[in-house]
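Q: Have a peek at entry.cif (mmCIF, N, CA and C atoms).
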```cif
data_input
loop_
_atom_site.label_atom_id
_atom_site.label_comp_id
_atom_site.auth_asym_id
_atom_site.auth_seq_id
_atom_site.Cartn_x
_atom_site.Cartn_y
_atom_site.Cartn_z
N MET L 21 -6.80 -20.12 1.16
CA MET L 21 -7.08 -18.75 1.55
C MET L 21 -8.39 -18.74 2.35
N SER L 22 -8.43 -17.95 3.40
CA SER L 22 -9.62 -17.88 4.25
C SER L 22 -10.79 -17.24 3.51
N GLU L 23 -11.98 -17.46 4.04
CA GLU L 23 -13.19 -16.90 3.43
C GLU L 23 -13.13 -15.38 3.37
N ILE L 24 -12.73 -14.73 4.46
CA ILE L 24 -12.71 -13.26 4.46
C ILE L 24 -11.62 -12.74 3.53
N ALA L 25 -10.47 -13.39 3.50
CA ALA L 25 -9.39 -12.93 2.59
C ALA L 25 -9.85 -13.03 1.14
N SER L 26 -10.53 -14.10 0.81
CA SER L 26 -11.06 -14.29 -0.54
C SER L 26 -12.07 -13.20 -0.89
N LEU L 27 -12.95 -12.90 0.05
CA LEU L 27 -13.98 -11.88 -0.17
C LEU L 27 -13.34 -10.49 -0.31
N VAL L 28 -12.34 -10.19 0.51
CA VAL L 28 -11.64 -8.90 0.41
C VAL L 28 -10.99 -8.77 -0.97
N ARG L 29 -10.34 -9.79 -1.43
CA ARG L 29 -9.69 -9.73 -2.75
C ARG L 29 -10.73 -9.59 -3.86
N ARG L 30 -11.87 -10.25 -3.74
CA ARG L 30 -12.94 -10.10 -4.74
C ARG L 30 -13.48 -8.66 -4.73
N TYR L 31 -13.67 -8.09 -3.55
CA TYR L 31 -14.14 -6.72 -3.39
C TYR L 31 -13.16 -5.74 -4.07
N VAL L 32 -11.87 -5.92 -3.82
CA VAL L 32 -10.85 -5.04 -4.42
C VAL L 32 -10.78 -5.24 -5.93
N ASP L 33 -10.88 -6.48 -6.38
CA ASP L 33 -10.90 -6.73 -7.84
C ASP L 33 -12.08 -6.02 -8.49
N ARG L 34 -13.25 -6.07 -7.86
CA ARG L 34 -14.43 -5.38 -8.42
C ARG L 34 -14.21 -3.86 -8.42
N TYR L 35 -13.58 -3.36 -7.37
CA TYR L 35 -13.24 -1.93 -7.30
C TYR L 35 -12.36 -1.55 -8.49
N ASN L 36 -11.33 -2.33 -8.73
CA ASN L 36 -10.39 -2.02 -9.81
C ASN L 36 -11.03 -2.16 -11.19
N SER L 37 -12.12 -2.90 -11.28
CA SER L 37 -12.85 -3.05 -12.55
C SER L 37 -13.99 -2.04 -12.68
N ASN L 38 -14.10 -1.13 -11.72
CA ASN L 38 -15.21 -0.16 -11.68
C ASN L 38 -16.57 -0.86 -11.68
N ASP L 39 -16.64 -2.02 -11.04
CA ASP L 39 -17.86 -2.81 -10.95
C ASP L 39 -18.54 -2.51 -9.62
N VAL L 40 -19.32 -1.43 -9.59
CA VAL L 40 -19.97 -0.99 -8.35
C VAL L 40 -20.90 -2.07 -7.81
N ASP L 41 -21.72 -2.65 -8.68
CA ASP L 41 -22.64 -3.70 -8.24
C ASP L 41 -21.88 -4.89 -7.67
N GLY L 42 -20.78 -5.26 -8.31
CA GLY L 42 -19.96 -6.37 -7.82
C GLY L 42 -19.38 -6.08 -6.45
N MET L 43 -18.94 -4.84 -6.22
CA MET L 43 -18.44 -4.46 -4.90
C MET L 43 -19.53 -4.60 -3.86
N LEU L 44 -20.70 -4.07 -4.19
CA LEU L 44 -21.80 -4.07 -3.22
C LEU L 44 -22.33 -5.49 -2.98
N ASP L 45 -22.20 -6.37 -3.97
CA ASP L 45 -22.59 -7.78 -3.77
C ASP L 45 -21.74 -8.44 -2.69
N CYS L 46 -20.56 -7.92 -2.44
CA CYS L 46 -19.68 -8.47 -1.40
C CYS L 46 -20.08 -8.00 0.00
N CYS L 47 -21.01 -7.05 0.06
CA CYS L 47 -21.34 -6.39 1.32
C CYS L 47 -22.73 -6.75 1.85
N ALA L 48 -22.85 -6.71 3.17
CA ALA L 48 -24.15 -6.87 3.83
C ALA L 48 -25.01 -5.64 3.52
N GLU L 49 -26.33 -5.80 3.56
CA GLU L 49 -27.24 -4.67 3.30
C GLU L 49 -26.97 -3.50 4.22
N ASP L 50 -26.64 -3.79 5.49
CA ASP L 50 -26.42 -2.74 6.48
C ASP L 50 -24.93 -2.46 6.72
N VAL L 51 -24.12 -2.68 5.71
CA VAL L 51 -22.68 -2.48 5.82
C VAL L 51 -22.36 -1.10 6.38
N ILE L 52 -21.35 -1.05 7.20
CA ILE L 52 -20.83 0.24 7.70
C ILE L 52 -19.51 0.47 6.98
N PHE L 53 -19.39 1.62 6.33
CA PHE L 53 -18.18 1.98 5.61
C PHE L 53 -17.66 3.27 6.23
N GLU L 54 -16.42 3.24 6.70
CA GLU L 54 -15.81 4.41 7.32
C GLU L 54 -14.48 4.72 6.64
N THR L 55 -14.19 5.99 6.54
CA THR L 55 -12.88 6.44 6.10
C THR L 55 -12.34 7.39 7.16
N VAL L 56 -11.15 7.09 7.65
CA VAL L 56 -10.50 7.93 8.65
C VAL L 56 -9.26 8.51 8.00
N SER L 57 -9.25 9.82 7.81
CA SER L 57 -8.13 10.51 7.15
C SER L 57 -7.49 11.49 8.11
N ASN L 58 -6.18 11.53 8.08
CA ASN L 58 -5.44 12.48 8.91
C ASN L 58 -4.50 13.27 8.04
N PRO L 59 -4.60 14.55 7.86
CA PRO L 59 -5.75 15.36 8.30
C PRO L 59 -6.89 15.20 7.31
N GLY L 60 -8.00 15.82 7.60
CA GLY L 60 -9.10 15.80 6.66
C GLY L 60 -10.39 15.28 7.21
N GLY L 61 -10.36 14.69 8.39
CA GLY L 61 -11.60 14.23 8.98
C GLY L 61 -11.98 12.83 8.58
N SER L 62 -13.18 12.46 8.93
CA SER L 62 -13.65 11.11 8.72
C SER L 62 -15.07 11.14 8.17
N ILE L 63 -15.45 10.03 7.54
CA ILE L 63 -16.84 9.87 7.12
C ILE L 63 -17.31 8.50 7.58
N ARG L 64 -18.60 8.37 7.76
CA ARG L 64 -19.21 7.09 8.11
C ARG L 64 -20.47 6.95 7.28
N LEU L 65 -20.57 5.86 6.55
CA LEU L 65 -21.73 5.57 5.73
C LEU L 65 -22.42 4.33 6.27
N ASN L 66 -23.74 4.35 6.23
CA ASN L 66 -24.52 3.23 6.72
C ASN L 66 -25.34 2.65 5.58
N GLY L 67 -25.03 1.42 5.20
CA GLY L 67 -25.81 0.72 4.21
C GLY L 67 -25.30 0.88 2.79
N LYS L 68 -25.81 0.01 1.94
CA LYS L 68 -25.36 -0.04 0.54
C LYS L 68 -25.74 1.21 -0.25
N ILE L 69 -26.87 1.83 0.05
CA ILE L 69 -27.30 3.00 -0.72
C ILE L 69 -26.31 4.14 -0.53
N GLU L 70 -25.94 4.43 0.70
CA GLU L 70 -24.96 5.50 0.96
C GLU L 70 -23.60 5.13 0.39
N MET L 71 -23.23 3.87 0.51
CA MET L 71 -21.93 3.42 0.01
C MET L 71 -21.87 3.56 -1.51
N ARG L 72 -22.96 3.22 -2.22
CA ARG L 72 -23.00 3.34 -3.67
C ARG L 72 -22.70 4.78 -4.11
N GLU L 73 -23.29 5.75 -3.43
CA GLU L 73 -23.08 7.16 -3.79
C GLU L 73 -21.61 7.53 -3.74
N ILE L 74 -20.90 7.11 -2.71
CA ILE L 74 -19.48 7.44 -2.56
C ILE L 74 -18.64 6.70 -3.59
N ILE L 75 -18.93 5.43 -3.81
CA ILE L 75 -18.17 4.66 -4.80
C ILE L 75 -18.31 5.29 -6.18
N GLU L 76 -19.54 5.64 -6.55
CA GLU L 76 -19.76 6.25 -7.86
C GLU L 76 -19.09 7.62 -7.97
N ALA L 77 -19.09 8.40 -6.89
CA ALA L 77 -18.41 9.70 -6.90
C ALA L 77 -16.91 9.51 -7.05
N THR L 78 -16.33 8.51 -6.39
CA THR L 78 -14.90 8.23 -6.51
C THR L 78 -14.55 7.81 -7.93
N THR L 79 -15.42 7.03 -8.53
CA THR L 79 -15.21 6.59 -9.91
C THR L 79 -15.12 7.81 -10.85
N ARG L 80 -15.97 8.79 -10.61
CA ARG L 80 -15.96 10.01 -11.45
C ARG L 80 -14.78 10.93 -11.12
N ALA L 81 -14.29 10.89 -9.89
CA ALA L 81 -13.22 11.80 -9.46
C ALA L 81 -11.85 11.43 -10.03
N PHE L 82 -11.70 10.17 -10.48
CA PHE L 82 -10.42 9.72 -11.01
C PHE L 82 -10.61 9.14 -12.40
N ARG L 83 -9.76 9.56 -13.34
CA ARG L 83 -9.88 8.96 -14.68
C ARG L 83 -9.15 7.63 -14.74
N GLU L 84 -8.24 7.40 -13.82
CA GLU L 84 -7.61 6.10 -13.61
C GLU L 84 -7.50 5.92 -12.11
N ARG L 85 -7.74 4.68 -11.65
CA ARG L 85 -7.57 4.41 -10.22
C ARG L 85 -7.36 2.94 -10.01
N ARG L 86 -6.60 2.63 -8.97
CA ARG L 86 -6.31 1.23 -8.65
C ARG L 86 -6.04 1.12 -7.16
N HIS L 87 -6.59 0.09 -6.58
CA HIS L 87 -6.34 -0.22 -5.18
C HIS L 87 -5.59 -1.55 -5.16
N GLU L 88 -4.49 -1.60 -4.45
CA GLU L 88 -3.69 -2.81 -4.39
C GLU L 88 -3.62 -3.29 -2.94
N VAL L 89 -3.86 -4.57 -2.74
CA VAL L 89 -3.67 -5.18 -1.43
C VAL L 89 -2.23 -5.66 -1.37
N VAL L 90 -1.43 -5.02 -0.52
CA VAL L 90 -0.02 -5.38 -0.37
C VAL L 90 0.12 -6.62 0.51
N SER L 91 -0.63 -6.65 1.60
CA SER L 91 -0.64 -7.81 2.48
C SER L 91 -1.96 -7.84 3.22
N ILE L 92 -2.30 -9.02 3.71
CA ILE L 92 -3.54 -9.17 4.45
C ILE L 92 -3.32 -10.11 5.62
N LEU L 93 -3.82 -9.71 6.79
CA LEU L 93 -3.74 -10.53 8.01
C LEU L 93 -5.16 -10.88 8.43
N VAL L 94 -5.39 -12.12 8.78
CA VAL L 94 -6.72 -12.59 9.11
C VAL L 94 -6.75 -13.09 10.55
N ASP L 95 -7.81 -12.74 11.26
CA ASP L 95 -8.07 -13.23 12.60
C ASP L 95 -9.55 -13.58 12.68
N GLY L 96 -9.87 -14.83 12.43
CA GLY L 96 -11.27 -15.27 12.46
C GLY L 96 -12.08 -14.60 11.36
N GLU L 97 -13.06 -13.79 11.77
CA GLU L 97 -13.92 -13.10 10.81
C GLU L 97 -13.52 -11.65 10.61
N LYS L 98 -12.29 -11.33 10.95
CA LYS L 98 -11.75 -9.99 10.74
C LYS L 98 -10.48 -10.09 9.91
N ALA L 99 -10.24 -9.03 9.13
CA ALA L 99 -9.01 -8.98 8.33
C ALA L 99 -8.50 -7.54 8.31
N ALA L 100 -7.19 -7.41 8.28
CA ALA L 100 -6.53 -6.12 8.12
C ALA L 100 -5.67 -6.21 6.87
N ALA L 101 -5.84 -5.23 5.99
CA ALA L 101 -5.09 -5.23 4.73
C ALA L 101 -4.28 -3.95 4.62
N GLU L 102 -2.99 -4.12 4.32
CA GLU L 102 -2.15 -2.98 3.96
C GLU L 102 -2.45 -2.71 2.49
N THR L 103 -2.73 -1.45 2.16
CA THR L 103 -3.16 -1.12 0.81
C THR L 103 -2.40 0.07 0.24
N VAL L 104 -2.42 0.15 -1.09
CA VAL L 104 -1.90 1.33 -1.78
C VAL L 104 -2.95 1.71 -2.82
N PHE L 105 -3.40 2.95 -2.73
CA PHE L 105 -4.32 3.50 -3.73
C PHE L 105 -3.51 4.40 -4.65
N SER L 106 -3.73 4.28 -5.93
CA SER L 106 -3.10 5.20 -6.87
C SER L 106 -4.12 5.56 -7.93
N GLY L 107 -4.02 6.78 -8.40
CA GLY L 107 -4.97 7.23 -9.42
C GLY L 107 -4.54 8.55 -10.02
N VAL L 108 -5.23 8.92 -11.09
CA VAL L 108 -5.03 10.20 -11.75
C VAL L 108 -6.33 10.98 -11.63
N ALA L 109 -6.27 12.13 -11.00
CA ALA L 109 -7.47 12.93 -10.73
C ALA L 109 -8.13 13.40 -12.03
N ALA L 110 -9.44 13.27 -12.07
CA ALA L 110 -10.22 13.78 -13.20
C ALA L 110 -10.74 15.18 -12.90
N THR L 111 -10.83 15.50 -11.62
CA THR L 111 -11.33 16.80 -11.18
C THR L 111 -10.43 17.33 -10.07
N GLU L 112 -10.66 18.55 -9.67
CA GLU L 112 -9.93 19.12 -8.54
C GLU L 112 -10.42 18.43 -7.27
N LEU L 113 -9.49 17.98 -6.47
CA LEU L 113 -9.82 17.28 -5.23
C LEU L 113 -9.27 18.05 -4.05
N GLY L 114 -10.09 18.86 -3.46
CA GLY L 114 -9.65 19.67 -2.33
C GLY L 114 -8.67 20.75 -2.76
N GLN L 115 -7.84 21.16 -1.82
CA GLN L 115 -6.88 22.24 -2.07
C GLN L 115 -5.61 21.78 -2.75
N TYR L 116 -5.34 20.48 -2.73
CA TYR L 116 -4.00 20.02 -3.08
C TYR L 116 -3.87 19.24 -4.38
N VAL L 117 -4.97 18.75 -4.94
CA VAL L 117 -4.88 17.90 -6.12
C VAL L 117 -5.63 18.53 -7.27
N ARG L 118 -4.93 18.71 -8.37
CA ARG L 118 -5.51 19.30 -9.59
C ARG L 118 -5.79 18.21 -10.61
N PRO L 119 -6.70 18.46 -11.55
CA PRO L 119 -6.96 17.47 -12.61
C PRO L 119 -5.66 17.07 -13.32
N GLY L 120 -5.52 15.79 -13.57
CA GLY L 120 -4.33 15.27 -14.24
C GLY L 120 -3.20 14.88 -13.31
N GLU L 121 -3.28 15.27 -12.04
CA GLU L 121 -2.22 14.93 -11.08
C GLU L 121 -2.38 13.49 -10.58
N HIS L 122 -1.24 12.85 -10.36
CA HIS L 122 -1.21 11.49 -9.83
C HIS L 122 -1.31 11.53 -8.32
N VAL L 123 -2.10 10.63 -7.76
CA VAL L 123 -2.29 10.51 -6.32
C VAL L 123 -1.87 9.10 -5.91
N SER L 124 -1.10 8.99 -4.84
CA SER L 124 -0.74 7.69 -4.30
C SER L 124 -0.85 7.77 -2.78
N ILE L 125 -1.62 6.85 -2.21
CA ILE L 125 -1.88 6.88 -0.77
C ILE L 125 -1.69 5.48 -0.20
N ARG L 126 -0.80 5.37 0.78
CA ARG L 126 -0.66 4.11 1.52
C ARG L 126 -1.64 4.15 2.68
N GLY L 127 -2.20 3.01 2.96
CA GLY L 127 -3.16 2.97 4.06
C GLY L 127 -3.38 1.56 4.55
N ALA L 128 -4.35 1.45 5.40
CA ALA L 128 -4.76 0.15 5.92
C ALA L 128 -6.28 0.12 5.95
N THR L 129 -6.83 -1.04 5.70
CA THR L 129 -8.28 -1.20 5.73
C THR L 129 -8.61 -2.39 6.62
N MET L 130 -9.57 -2.17 7.51
CA MET L 130 -10.06 -3.22 8.39
C MET L 130 -11.38 -3.72 7.82
N PHE L 131 -11.56 -5.02 7.80
CA PHE L 131 -12.78 -5.65 7.29
C PHE L 131 -13.35 -6.57 8.35
N GLU L 132 -14.68 -6.63 8.43
CA GLU L 132 -15.35 -7.59 9.31
C GLU L 132 -16.39 -8.35 8.51
N LEU L 133 -16.44 -9.64 8.74
CA LEU L 133 -17.34 -10.54 8.03
C LEU L 133 -18.53 -10.89 8.91
N ARG L 134 -19.71 -10.97 8.28
CA ARG L 134 -20.91 -11.47 8.95
C ARG L 134 -21.77 -12.17 7.90
N ASP L 135 -22.11 -13.40 8.14
CA ASP L 135 -22.97 -14.16 7.22
C ASP L 135 -22.42 -14.14 5.78
N ASN L 136 -21.11 -14.35 5.65
CA ASN L 136 -20.43 -14.44 4.35
C ASN L 136 -20.42 -13.14 3.56
N LYS L 137 -20.64 -12.01 4.22
CA LYS L 137 -20.62 -10.70 3.57
C LYS L 137 -19.77 -9.74 4.40
N LEU L 138 -19.25 -8.71 3.76
CA LEU L 138 -18.52 -7.68 4.50
C LEU L 138 -19.53 -6.81 5.25
N ALA L 139 -19.41 -6.78 6.57
CA ALA L 139 -20.34 -6.02 7.40
C ALA L 139 -19.76 -4.68 7.81
N ARG L 140 -18.44 -4.57 7.79
CA ARG L 140 -17.77 -3.31 8.16
C ARG L 140 -16.49 -3.20 7.36
N ILE L 141 -16.28 -2.01 6.80
CA ILE L 141 -15.05 -1.69 6.06
C ILE L 141 -14.59 -0.34 6.60
N CYS L 142 -13.37 -0.28 7.10
CA CYS L 142 -12.85 0.97 7.65
C CYS L 142 -11.47 1.25 7.09
N ASP L 143 -11.37 2.31 6.28
CA ASP L 143 -10.10 2.72 5.66
C ASP L 143 -9.39 3.74 6.53
N TYR L 144 -8.09 3.55 6.70
CA TYR L 144 -7.25 4.52 7.41
C TYR L 144 -6.17 4.99 6.44
N SER L 145 -6.07 6.32 6.29
CA SER L 145 -5.02 6.86 5.43
C SER L 145 -4.51 8.18 5.95
#
```
Can the structure from this file be put into structure tokens for me?
A:
Amino acid sequence: MSEIASLVRRYVDRYNSNDVDGMLDCCAEDVIFETVSNPGGSIRLNGKIEMREIIEATTRAFRERRHEVVSILVDGEKAAAETVFSGVAATELGQYVRPGEHVSIRGATMFELRDNKLARICDYS
């Protein structure tokens, strides 16, 4: 398995274990994290401090959550992963999701490696 594929799987494993520090250990200090949602807009976070806030908020928003890597394609220091997120909402999430409702989202995530760390993570859903 390539270095980036291994790192992506470790990052997702830490996510599924609610290990925020472990996730951030996979990332460069100046990591760029983006989420592109249609509809719903996009967000862009710069650095581990901003990323930690969102990860911790997501952890609180779902009483159960899991991210699964369905497949991963690697091109040098870049990887694209087909993913499925599933979870049970702990709180109201926007107009459409009530506490206790199951959420399942198929998406894709792009990863870029720099100096053995994830330098860019961009989720599309």
Q: Tell me, as a VMD selection string, which residues lie within 8 Å of Gly127 (chain L), counting only N, CA and C atoms; anything in the same chain fewer than 3 positions away does not count.
A: chain L and resid 101 to 105 124 130 143 to 145
Q: When distances are computed from only C-alpha atoms, which of L:Gly107, L:Gly67, L:Gly61, L:Gly114 shows the smallest separation from Ala48 (chain L)?
A: L:Gly67
Q: Give the alpha helix (DSSP H) residues of chain L, as assigned by DSSP on the backbone, as a PyMOL selection string.
A: chain L and resi 23-36+40-45+67-81
Q: Write down as a ChimeraX atom specification the residues of chain L whose backbone DSSP state falls under strand (DSSP E).
A: /L:47-57,61-66,82-95,98-109,122-134,137-144
Q: CA of His87 (chain L) and CA of Gln115 (chain L), how far apart in Å?
A: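 Rounded to one decimal, the two atoms are 22.7 Å apart.
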Q: Just to confirm, what's the straight-line distance from CA of Ile92 (chain L) to CA of Arg80 (chain L) in Å (one decimal)?
A: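 Distance between the two atoms: 27.8 Å.
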